[in-house]
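model.txt follows; it contains compact mmCIF, C-alpha atoms.
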# COMPACT_ATOMS: atom_id res chain seq x y z
CA MET A 22 41.46 15.28 39.95
CA ARG A 23 39.66 12.44 38.18
CA TYR A 24 35.88 12.27 38.23
CA SER A 25 33.70 9.21 37.92
CA ARG A 26 31.88 8.40 34.71
CA GLU A 27 28.58 9.16 36.46
CA HIS A 28 29.80 12.59 37.53
CA LYS A 29 30.98 13.40 34.02
CA GLN A 30 27.60 12.36 32.57
CA GLU A 31 25.76 14.47 35.14
CA THR A 32 27.91 17.47 34.22
CA HIS A 33 27.38 16.80 30.52
CA ASP A 34 23.63 16.66 31.00
CA ARG A 35 23.66 19.88 33.02
CA ILE A 36 25.47 21.71 30.23
CA VAL A 37 22.98 20.44 27.65
CA LYS A 38 20.00 21.44 29.80
CA LYS A 39 21.34 24.94 30.42
CA ALA A 40 22.28 25.34 26.77
CA SER A 41 18.83 24.27 25.59
CA VAL A 42 17.25 27.10 27.60
CA ARG A 43 19.73 29.79 26.64
CA LEU A 44 19.72 28.89 22.95
CA ARG A 45 15.93 29.19 22.84
CA GLU A 46 16.14 32.53 24.64
CA LYS A 47 19.10 34.05 22.80
CA GLY A 48 19.21 32.16 19.50
CA ALA A 49 21.77 29.72 18.13
CA HIS A 50 24.37 32.47 17.71
CA GLY A 51 23.26 34.78 20.50
CA ILE A 52 25.39 33.16 23.21
CA GLY A 53 28.94 31.81 23.14
CA VAL A 54 30.55 28.68 24.53
CA ALA A 55 32.15 30.59 27.42
CA ASP A 56 28.77 31.95 28.49
CA LEU A 57 27.10 28.55 28.18
CA MET A 58 29.77 26.95 30.34
CA LYS A 59 29.47 29.75 32.90
CA GLU A 60 25.71 29.14 33.05
CA ALA A 61 26.48 25.52 33.94
CA GLY A 62 28.96 26.59 36.62
CA LEU A 63 32.01 25.44 34.65
CA THR A 64 35.04 26.98 32.97
CA HIS A 65 35.43 27.48 29.24
CA GLY A 66 38.44 25.16 29.25
CA GLY A 67 36.36 22.15 30.22
CA PHE A 68 34.09 22.35 27.20
CA TYR A 69 36.02 19.93 24.97
CA ALA A 70 36.05 17.29 27.68
CA HIS A 71 32.33 16.95 26.95
CA PHE A 72 31.81 17.97 23.31
CA ASP A 73 33.80 17.67 20.10
CA SER A 74 32.55 21.04 18.87
CA ARG A 75 30.04 23.81 19.48
CA GLU A 76 27.87 22.21 16.81
CA ALA A 77 27.76 18.98 18.84
CA LEU A 78 26.44 20.88 21.86
CA VAL A 79 23.89 22.76 19.75
CA ILE A 80 22.56 19.50 18.28
CA GLU A 81 22.22 17.89 21.72
CA ALA A 82 20.59 20.99 23.16
CA PHE A 83 18.06 21.12 20.30
CA ALA A 84 17.25 17.44 20.73
CA TYR A 85 16.84 17.89 24.48
CA ALA A 86 14.44 20.79 23.98
CA MET A 87 12.34 18.89 21.44
CA ASP A 88 12.19 15.86 23.73
CA ARG A 89 11.05 18.04 26.62
CA SER A 90 8.24 19.47 24.48
CA MET A 91 7.04 15.99 23.59
CA ASP A 92 7.30 14.87 27.22
CA HIS A 93 5.13 17.83 28.16
CA TRP A 94 2.55 16.80 25.57
CA ARG A 95 2.48 13.25 26.95
CA LYS A 96 1.86 14.47 30.49
CA LEU A 97 -0.74 16.94 29.29
CA THR A 98 -2.73 14.35 27.36
CA GLY A 99 -2.16 11.26 29.49
CA GLU A 100 -5.64 11.18 31.03
CA ALA A 101 -7.54 12.55 28.02
CA VAL A 102 -9.60 10.60 25.50
CA PRO A 103 -7.86 10.32 22.08
CA GLU A 104 -10.21 12.79 20.39
CA LYS A 105 -9.32 15.55 22.88
CA ARG A 106 -5.54 15.20 22.95
CA LEU A 107 -4.63 17.43 20.02
CA ALA A 108 -6.92 20.20 21.26
CA LEU A 109 -5.21 20.09 24.67
CA VAL A 110 -1.79 20.40 23.03
CA MET A 111 -2.96 23.37 20.97
CA GLU A 112 -4.50 25.13 23.98
CA SER A 113 -1.22 24.82 25.89
CA TYR A 114 0.99 25.67 22.92
CA LEU A 115 -0.94 28.72 21.72
CA SER A 116 -0.99 30.44 25.09
CA ALA A 117 0.42 33.63 26.55
CA LEU A 118 2.47 31.52 28.99
CA HIS A 119 4.27 29.76 26.12
CA ARG A 120 4.66 33.02 24.20
CA ASP A 121 6.31 34.75 27.14
CA ASN A 122 8.68 31.90 28.06
CA PRO A 123 10.62 30.93 24.91
CA GLY A 124 13.49 29.47 26.93
CA HIS A 125 11.22 26.69 28.17
CA GLY A 126 9.04 26.31 25.07
CA CYS A 127 9.08 24.71 21.66
CA SER A 128 12.30 25.00 19.64
CA ILE A 129 10.56 25.42 16.29
CA PRO A 130 9.35 29.03 16.65
CA ALA A 131 12.36 29.89 18.84
CA LEU A 132 15.07 28.55 16.54
CA GLY A 133 13.53 27.25 13.31
CA ALA A 134 14.71 30.10 11.07
CA GLU A 135 18.26 29.77 12.38
CA ILE A 136 18.30 25.99 12.02
CA ALA A 137 17.45 26.37 8.34
CA ARG A 138 20.80 28.17 7.93
CA GLU A 139 22.87 25.71 9.96
CA SER A 140 25.04 22.87 8.64
CA PRO A 141 23.48 19.82 6.95
CA LYS A 142 24.35 17.75 10.04
CA THR A 143 22.48 20.11 12.36
CA ARG A 144 19.50 20.38 10.01
CA LYS A 145 19.33 16.59 9.70
CA ALA A 146 19.30 16.15 13.48
CA PHE A 147 16.59 18.77 13.89
CA ALA A 148 14.54 17.27 11.04
CA GLY A 149 14.66 13.90 12.78
CA LYS A 150 13.17 15.38 15.94
CA LEU A 151 10.64 17.32 13.88
CA ASP A 152 9.49 14.07 12.29
CA GLU A 153 9.10 12.50 15.77
CA MET A 154 6.93 15.44 16.79
CA ILE A 155 4.80 15.11 13.65
CA GLU A 156 4.34 11.38 14.28
CA MET A 157 3.29 12.09 17.84
CA MET A 158 0.72 14.63 16.65
CA THR A 159 -0.47 12.14 14.05
CA ASP A 160 -1.26 9.73 16.88
CA TYR A 161 -3.49 12.45 18.34
CA ILE A 162 -5.73 12.43 15.24
CA PRO A 163 -7.51 9.05 15.59
CA ASN A 164 -10.45 9.61 13.23
CA LEU A 165 -8.48 9.64 9.98
CA PRO A 166 -6.42 7.13 7.99
CA ARG A 167 -2.73 7.40 8.92
CA LYS A 168 -1.65 9.24 5.76
CA ALA A 169 -4.43 11.83 6.06
CA ALA A 170 -3.80 12.22 9.79
CA ARG A 171 -0.09 12.89 9.19
CA LYS A 172 -0.95 15.51 6.58
CA GLN A 173 -3.28 17.18 9.07
CA ALA A 174 -0.64 16.95 11.80
CA ILE A 175 1.93 18.73 9.62
CA ALA A 176 -0.55 21.50 8.76
CA THR A 177 -1.54 21.88 12.41
CA LEU A 178 2.04 22.04 13.67
CA ALA A 179 2.90 24.59 10.98
CA THR A 180 -0.05 26.72 12.08
CA MET A 181 0.92 26.43 15.74
CA ALA A 182 4.61 27.28 15.22
CA GLY A 183 3.87 30.08 12.78
CA THR A 184 1.29 31.57 15.11
CA MET A 185 3.71 31.49 18.04
CA LEU A 186 6.43 33.14 15.98
CA LEU A 187 4.12 35.99 14.93
CA ALA A 188 2.76 36.38 18.47
CA ARG A 189 6.30 36.79 19.82
CA ILE A 190 7.13 39.33 17.14
CA ALA A 191 4.10 41.34 18.27
CA GLY A 192 5.18 41.07 21.91
CA SER A 193 2.83 41.10 24.89
CA SER A 194 0.21 43.28 23.25
CA GLU A 195 -3.36 43.25 21.98
CA LEU A 196 -2.05 42.35 18.53
CA SER A 197 -0.14 39.41 19.98
CA ASP A 198 -3.25 38.17 21.79
CA GLU A 199 -5.22 38.58 18.56
CA VAL A 200 -2.65 36.50 16.66
CA LEU A 201 -2.76 33.74 19.28
CA LYS A 202 -6.55 33.56 19.17
CA ALA A 203 -6.72 33.58 15.37
CA GLY A 204 -4.11 30.83 15.10
CA LYS A 205 -5.80 28.72 17.76
CA ASP A 206 -9.21 29.09 16.10
CA SER A 207 -7.77 28.19 12.70
CA ALA A 208 -5.92 25.13 14.01
CA LEU A 209 -8.95 23.87 15.94
CA ASP A 210 -11.27 24.43 12.96
CA GLY A 211 -8.92 22.44 10.75
CA VAL A 212 -8.89 19.48 13.12
CA LYS A 213 -12.69 19.52 13.55
CA ARG A 214 -13.36 19.83 9.83
CA GLU A 215 -11.03 17.14 8.51
CA PRO A 216 -12.88 14.03 9.80
CA LYS A 217 -16.15 15.29 8.25
CA VAL A 218 -14.46 15.72 4.90
CA ALA A 219 -12.98 12.22 5.14
CA VAL A 220 -16.38 10.73 5.96
CA LYS A 221 -18.04 12.56 3.08
CA LYS A 222 -15.46 11.26 0.61
CA ALA A 223 -15.86 7.72 1.93
CA LYS A 224 -19.63 7.89 1.33
CA GLN A 225 -19.10 9.14 -2.21
CA ASN A 226 -16.85 6.18 -2.96
So that I can check it, write out the structure of this file as structure tokens.
Amino acid sequence: MRYSREHKQETHDRIVKKASVRLREKGAHGIGVADLMKEAGLTHGGFYAHFDSREALVIEAFAYAMDRSMDHWRKLTGEAVPEKRLALVMESYLSALHRDNPGHGCSIPALGAEIARESPKTRKAFAGKLDEMIEMMTDYIPNLPRKAARKQAIATLATMAGTMLLARIAGSSELSDEVLKAGKDSALDGVKREPKVAVKKAKQN
């Protein structure tokens, strides 16, 4: 039975969406192709009608997950004034809800360590999405020159992802809550402090 191009694309997208959730929950090597196809309601044999390799699916699933995170940030900050956008992202990111739902959260704390051990092609694809995320966060720091804002965005994202990773290691516990609060306070302090430093330097010059 032959399917239309639209049907094939819909099936392809469904596999990617399901895979993006399961990979974040189980890890890049914690679930096999057969299981991923079963999650999408398909047989293992149909996999290669949609993807050249498992790596190709992993790359698409990672990209999908990163795009969904950035879409969430856009919706979250759409009505906010520029100066408040980064704080809103941090409040949502460094939350118990995000900690307890890795399958629907950011790929960096969920899969970052594994990506670092993947093939150069996979790492390059992930790095491209990481750079998009950094640029988006840079846009949320309006009170600094672009270069300084990007530096702050990288530091903030590193704090956010590292905090989430440690919070998940600690599980749903008092320690985990303590880690989330400490990371959030540190990230917010960094964003509040940076413009003052920039202004002070400008006056000195």
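Contact shell of range 131-139 of chain A at 7 Å (only C-alpha atoms; same-chain neighbours under 4 positions omitted): Arg45, Gly48, Ala49, Pro123, Cys127, Thr143 and Arg144 of chain A.
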Kindly export the residues of the current selection with C-alpha atoms, as a tab-separated table (two decimals), in the frame of the given file.
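Output saved as again-v5.tsv:
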chain	number	residue	atom	x	y	z
A	45	ARG	CA	15.93	29.19	22.84
A	48	GLY	CA	19.21	32.16	19.50
A	49	ALA	CA	21.77	29.72	18.13
A	123	PRO	CA	10.62	30.93	24.91
A	127	CYS	CA	9.08	24.71	21.66
A	143	THR	CA	22.48	20.11	12.36
A	144	ARG	CA	19.50	20.38	10.01
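Counting all atoms listed in the file and comparing A:Phe72, A:Tyr114, A:Tyr85, A:Trp94, the residue that lies closest to Lys202 in chain A is A:Tyr114.
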Within 10 Å of Lys39 in chain A using all atoms listed in the file, minus same-chain residues under 3 positions, as a PyMOL selection string: chain A and resi 34-36+42-44+57-62+82+124
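Near range 182-195 of chain A, within 9 Å and counting all atoms listed in the file, sit Tyr114, Leu115, Ser116, Ala117, His119, Arg120, Asp121, Pro123, Cys127, Ile129, Pro130, Ala131, Thr177, Leu178, Glu199, Val200, Leu201, Ala203, Gly204 and Lys205 of chain A; same-chain residues fewer than 4 positions away were not included.
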Among the residues A:Met181, A:Ala146, A:Ala40, A:Leu78, the one that comes closest to Ser207 in chain A [using only C-alpha atoms]: A:Met181
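Going from CA of Lys105 in chain A over to CA of Lys150 in chain A, you cover 23.5 Å.
Between Leu63 in chain A and the candidates A:His33, A:Ser197, A:Ala77, A:Glu46, the tightest atom-to-atom separation, counting all atoms listed in the file, involves A:His33.
Separating CA of Tyr69 in chain A from CA of Asp88 in chain A is a distance of 24.2 Å.
Here CA of Asp210 in chain A is placed at a distance of 11.5 Å from CA of Thr180 in chain A.
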Residues within 12 Å of Arg106 in chain A, only C-alpha atoms, excluding chain neighbours under 6 positions, as a VMD selection string: chain A and resid 94 to 100 112 to 113 157 to 163 209 212
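Of the listed residues (A:His65, A:His71, A:Lys38, A:Asp92), A:His71 comes nearest to Arg26 in chain A; the distances count only C-alpha atoms.
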Option closest in space to Ser41 in chain A, from A:Ala169, A:Met87, A:Ile155, A:Ala208 [counting all atoms listed in the file]: A:Met87
At a cut-off of 9 Å, using all atoms listed in the file, what residues contact Lys142 in chain A? Leave out same-chain residues fewer than 4 positions from it and give the result as a PDB file with C-alpha atoms, in the frame of the given file.
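Below is the file that was written, result.pdb:
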ATOM      1  CA  GLU A  76      27.870  22.210  16.810  1.00  0.00           C
ATOM      2  CA  ILE A  80      22.560  19.500  18.280  1.00  0.00           C
ATOM      3  CA  ALA A 146      19.300  16.150  13.480  1.00  0.00           C
ATOM      4  CA  PHE A 147      16.590  18.770  13.890  1.00  0.00           C
TER       5      PHE A 147
END
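Between His93 in chain A and the residues A:Ile52, A:Met154, A:Ala148, A:Leu196, the shortest atom-to-atom distance, using only C-alpha atoms, involves A:Met154.
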Save range 64-94 of chain A to a file: N, CA, C and O atoms, as a PDB file, in the first residue's frame.
ATOM      1  N   THR A  64       6.174  -0.472  13.090  1.00  0.00           N
ATOM      2  CA  THR A  64       7.040  -1.640  13.211  1.00  0.00           C
ATOM      3  C   THR A  64       8.498  -1.252  12.996  1.00  0.00           C
ATOM      4  O   THR A  64       8.804  -0.242  12.365  1.00  0.00           O
ATOM      5  N   HIS A  65       9.371  -2.075  13.538  1.00  0.00           N
ATOM      6  CA  HIS A  65      10.815  -1.837  13.398  1.00  0.00           C
ATOM      7  C   HIS A  65      11.210  -1.782  11.930  1.00  0.00           C
ATOM      8  O   HIS A  65      12.061  -0.991  11.522  1.00  0.00           O
ATOM      9  N   GLY A  66      10.588  -2.607  11.105  1.00  0.00           N
ATOM     10  CA  GLY A  66      10.954  -2.701   9.698  1.00  0.00           C
ATOM     11  C   GLY A  66      10.746  -1.420   8.910  1.00  0.00           C
ATOM     12  O   GLY A  66      11.381  -1.214   7.869  1.00  0.00           O
ATOM     13  N   GLY A  67       9.868  -0.549   9.395  1.00  0.00           N
ATOM     14  CA  GLY A  67       9.606   0.682   8.667  1.00  0.00           C
ATOM     15  C   GLY A  67      10.572   1.812   8.965  1.00  0.00           C
ATOM     16  O   GLY A  67      10.478   2.886   8.350  1.00  0.00           O
ATOM     17  N   PHE A  68      11.511   1.574   9.861  1.00  0.00           N
ATOM     18  CA  PHE A  68      12.405   2.643  10.293  1.00  0.00           C
ATOM     19  C   PHE A  68      13.174   3.261   9.133  1.00  0.00           C
ATOM     20  O   PHE A  68      13.231   4.487   8.978  1.00  0.00           O
ATOM     21  N   TYR A  69      13.770   2.426   8.287  1.00  0.00           N
ATOM     22  CA  TYR A  69      14.652   2.931   7.231  1.00  0.00           C
ATOM     23  C   TYR A  69      13.902   3.549   6.055  1.00  0.00           C
ATOM     24  O   TYR A  69      14.529   4.069   5.131  1.00  0.00           O
ATOM     25  N   ALA A  70      12.588   3.513   6.118  1.00  0.00           N
ATOM     26  CA  ALA A  70      11.804   4.264   5.130  1.00  0.00           C
ATOM     27  C   ALA A  70      11.794   5.745   5.500  1.00  0.00           C
ATOM     28  O   ALA A  70      11.458   6.599   4.667  1.00  0.00           O
ATOM     29  N   HIS A  71      12.185   6.050   6.735  1.00  0.00           N
ATOM     30  CA  HIS A  71      12.159   7.425   7.224  1.00  0.00           C
ATOM     31  C   HIS A  71      13.541   7.992   7.566  1.00  0.00           C
ATOM     32  O   HIS A  71      13.745   9.202   7.479  1.00  0.00           O
ATOM     33  N   PHE A  72      14.473   7.117   7.940  1.00  0.00           N
ATOM     34  CA  PHE A  72      15.792   7.590   8.386  1.00  0.00           C
ATOM     35  C   PHE A  72      16.893   6.704   7.817  1.00  0.00           C
ATOM     36  O   PHE A  72      16.744   5.494   7.717  1.00  0.00           O
ATOM     37  N   ASP A  73      18.011   7.347   7.477  1.00  0.00           N
ATOM     38  CA  ASP A  73      19.147   6.603   6.933  1.00  0.00           C
ATOM     39  C   ASP A  73      19.848   5.783   8.005  1.00  0.00           C
ATOM     40  O   ASP A  73      20.475   4.764   7.709  1.00  0.00           O
ATOM     41  N   SER A  74      19.763   6.248   9.265  1.00  0.00           N
ATOM     42  CA  SER A  74      20.461   5.582  10.354  1.00  0.00           C
ATOM     43  C   SER A  74      19.851   6.005  11.688  1.00  0.00           C
ATOM     44  O   SER A  74      19.061   6.951  11.753  1.00  0.00           O
ATOM     45  N   ARG A  75      20.225   5.312  12.735  1.00  0.00           N
ATOM     46  CA  ARG A  75      19.781   5.706  14.073  1.00  0.00           C
ATOM     47  C   ARG A  75      20.315   7.091  14.413  1.00  0.00           C
ATOM     48  O   ARG A  75      19.639   7.895  15.041  1.00  0.00           O
ATOM     49  N   GLU A  76      21.534   7.372  13.983  1.00  0.00           N
ATOM     50  CA  GLU A  76      22.132   8.683  14.238  1.00  0.00           C
ATOM     51  C   GLU A  76      21.279   9.798  13.635  1.00  0.00           C
ATOM     52  O   GLU A  76      21.107  10.852  14.258  1.00  0.00           O
ATOM     53  N   ALA A  77      20.747   9.552  12.443  1.00  0.00           N
ATOM     54  CA  ALA A  77      19.916  10.566  11.784  1.00  0.00           C
ATOM     55  C   ALA A  77      18.677  10.873  12.614  1.00  0.00           C
ATOM     56  O   ALA A  77      18.275  12.037  12.751  1.00  0.00           O
ATOM     57  N   LEU A  78      18.068   9.840  13.187  1.00  0.00           N
ATOM     58  CA  LEU A  78      16.904  10.050  14.051  1.00  0.00           C
ATOM     59  C   LEU A  78      17.298  10.804  15.316  1.00  0.00           C
ATOM     60  O   LEU A  78      16.598  11.731  15.736  1.00  0.00           O
ATOM     61  N   VAL A  79      18.404  10.413  15.923  1.00  0.00           N
ATOM     62  CA  VAL A  79      18.869  11.068  17.149  1.00  0.00           C
ATOM     63  C   VAL A  79      19.096  12.556  16.903  1.00  0.00           C
ATOM     64  O   VAL A  79      18.675  13.399  17.693  1.00  0.00           O
ATOM     65  N   ILE A  80      19.736  12.897  15.793  1.00  0.00           N
ATOM     66  CA  ILE A  80      20.007  14.304  15.472  1.00  0.00           C
ATOM     67  C   ILE A  80      18.698  15.079  15.311  1.00  0.00           C
ATOM     68  O   ILE A  80      18.546  16.190  15.835  1.00  0.00           O
ATOM     69  N   GLU A  81      17.752  14.513  14.582  1.00  0.00           N
ATOM     70  CA  GLU A  81      16.465  15.200  14.395  1.00  0.00           C
ATOM     71  C   GLU A  81      15.716  15.343  15.716  1.00  0.00           C
ATOM     72  O   GLU A  81      15.081  16.374  15.981  1.00  0.00           O
ATOM     73  N   ALA A  82      15.772  14.299  16.533  1.00  0.00           N
ATOM     74  CA  ALA A  82      15.068  14.341  17.816  1.00  0.00           C
ATOM     75  C   ALA A  82      15.675  15.387  18.741  1.00  0.00           C
ATOM     76  O   ALA A  82      14.953  16.115  19.437  1.00  0.00           O
ATOM     77  N   PHE A  83      17.007  15.499  18.746  1.00  0.00           N
ATOM     78  CA  PHE A  83      17.676  16.523  19.546  1.00  0.00           C
ATOM     79  C   PHE A  83      17.267  17.911  19.074  1.00  0.00           C
ATOM     80  O   PHE A  83      16.953  18.789  19.872  1.00  0.00           O
ATOM     81  N   ALA A  84      17.299  18.109  17.760  1.00  0.00           N
ATOM     82  CA  ALA A  84      16.950  19.417  17.197  1.00  0.00           C
ATOM     83  C   ALA A  84      15.510  19.783  17.535  1.00  0.00           C
ATOM     84  O   ALA A  84      15.218  20.929  17.886  1.00  0.00           O
ATOM     85  N   TYR A  85      14.615  18.799  17.434  1.00  0.00           N
ATOM     86  CA  TYR A  85      13.208  19.035  17.761  1.00  0.00           C
ATOM     87  C   TYR A  85      13.057  19.474  19.212  1.00  0.00           C
ATOM     88  O   TYR A  85      12.347  20.436  19.528  1.00  0.00           O
ATOM     89  N   ALA A  86      13.750  18.785  20.105  1.00  0.00           N
ATOM     90  CA  ALA A  86      13.663  19.106  21.530  1.00  0.00           C
ATOM     91  C   ALA A  86      14.189  20.508  21.819  1.00  0.00           C
ATOM     92  O   ALA A  86      13.587  21.264  22.594  1.00  0.00           O
ATOM     93  N   MET A  87      15.306  20.865  21.207  1.00  0.00           N
ATOM     94  CA  MET A  87      15.873  22.202  21.416  1.00  0.00           C
ATOM     95  C   MET A  87      14.932  23.273  20.867  1.00  0.00           C
ATOM     96  O   MET A  87      14.738  24.326  21.494  1.00  0.00           O
ATOM     97  N   ASP A  88      14.346  23.012  19.716  1.00  0.00           N
ATOM     98  CA  ASP A  88      13.400  23.969  19.130  1.00  0.00           C
ATOM     99  C   ASP A  88      12.176  24.158  20.023  1.00  0.00           C
ATOM    100  O   ASP A  88      11.671  25.275  20.168  1.00  0.00           O
ATOM    101  N   ARG A  89      11.709  23.057  20.626  1.00  0.00           N
ATOM    102  CA  ARG A  89      10.543  23.158  21.507  1.00  0.00           C
ATOM    103  C   ARG A  89      10.886  23.990  22.753  1.00  0.00           C
ATOM    104  O   ARG A  89      10.039  24.755  23.237  1.00  0.00           O
ATOM    105  N   SER A  90      12.086  23.846  23.268  1.00  0.00           N
ATOM    106  CA  SER A  90      12.502  24.656  24.416  1.00  0.00           C
ATOM    107  C   SER A  90      12.484  26.136  24.060  1.00  0.00           C
ATOM    108  O   SER A  90      11.971  26.964  24.823  1.00  0.00           O
ATOM    109  N   MET A  91      13.021  26.464  22.894  1.00  0.00           N
ATOM    110  CA  MET A  91      13.059  27.869  22.487  1.00  0.00           C
ATOM    111  C   MET A  91      11.660  28.404  22.184  1.00  0.00           C
ATOM    112  O   MET A  91      11.365  29.564  22.475  1.00  0.00           O
ATOM    113  N   ASP A  92      10.798  27.559  21.627  1.00  0.00           N
ATOM    114  CA  ASP A  92       9.402  27.965  21.404  1.00  0.00           C
ATOM    115  C   ASP A  92       8.724  28.274  22.742  1.00  0.00           C
ATOM    116  O   ASP A  92       7.954  29.237  22.849  1.00  0.00           O
ATOM    117  N   HIS A  93       9.012  27.446  23.726  1.00  0.00           N
ATOM    118  CA  HIS A  93       8.445  27.668  25.063  1.00  0.00           C
ATOM    119  C   HIS A  93       8.911  29.002  25.627  1.00  0.00           C
ATOM    120  O   HIS A  93       8.117  29.754  26.208  1.00  0.00           O
ATOM    121  N   TRP A  94      10.174  29.313  25.439  1.00  0.00           N
ATOM    122  CA  TRP A  94      10.712  30.594  25.931  1.00  0.00           C
ATOM    123  C   TRP A  94      10.026  31.762  25.243  1.00  0.00           C
ATOM    124  O   TRP A  94       9.720  32.766  25.879  1.00  0.00           O
TER     125      TRP A  94
END
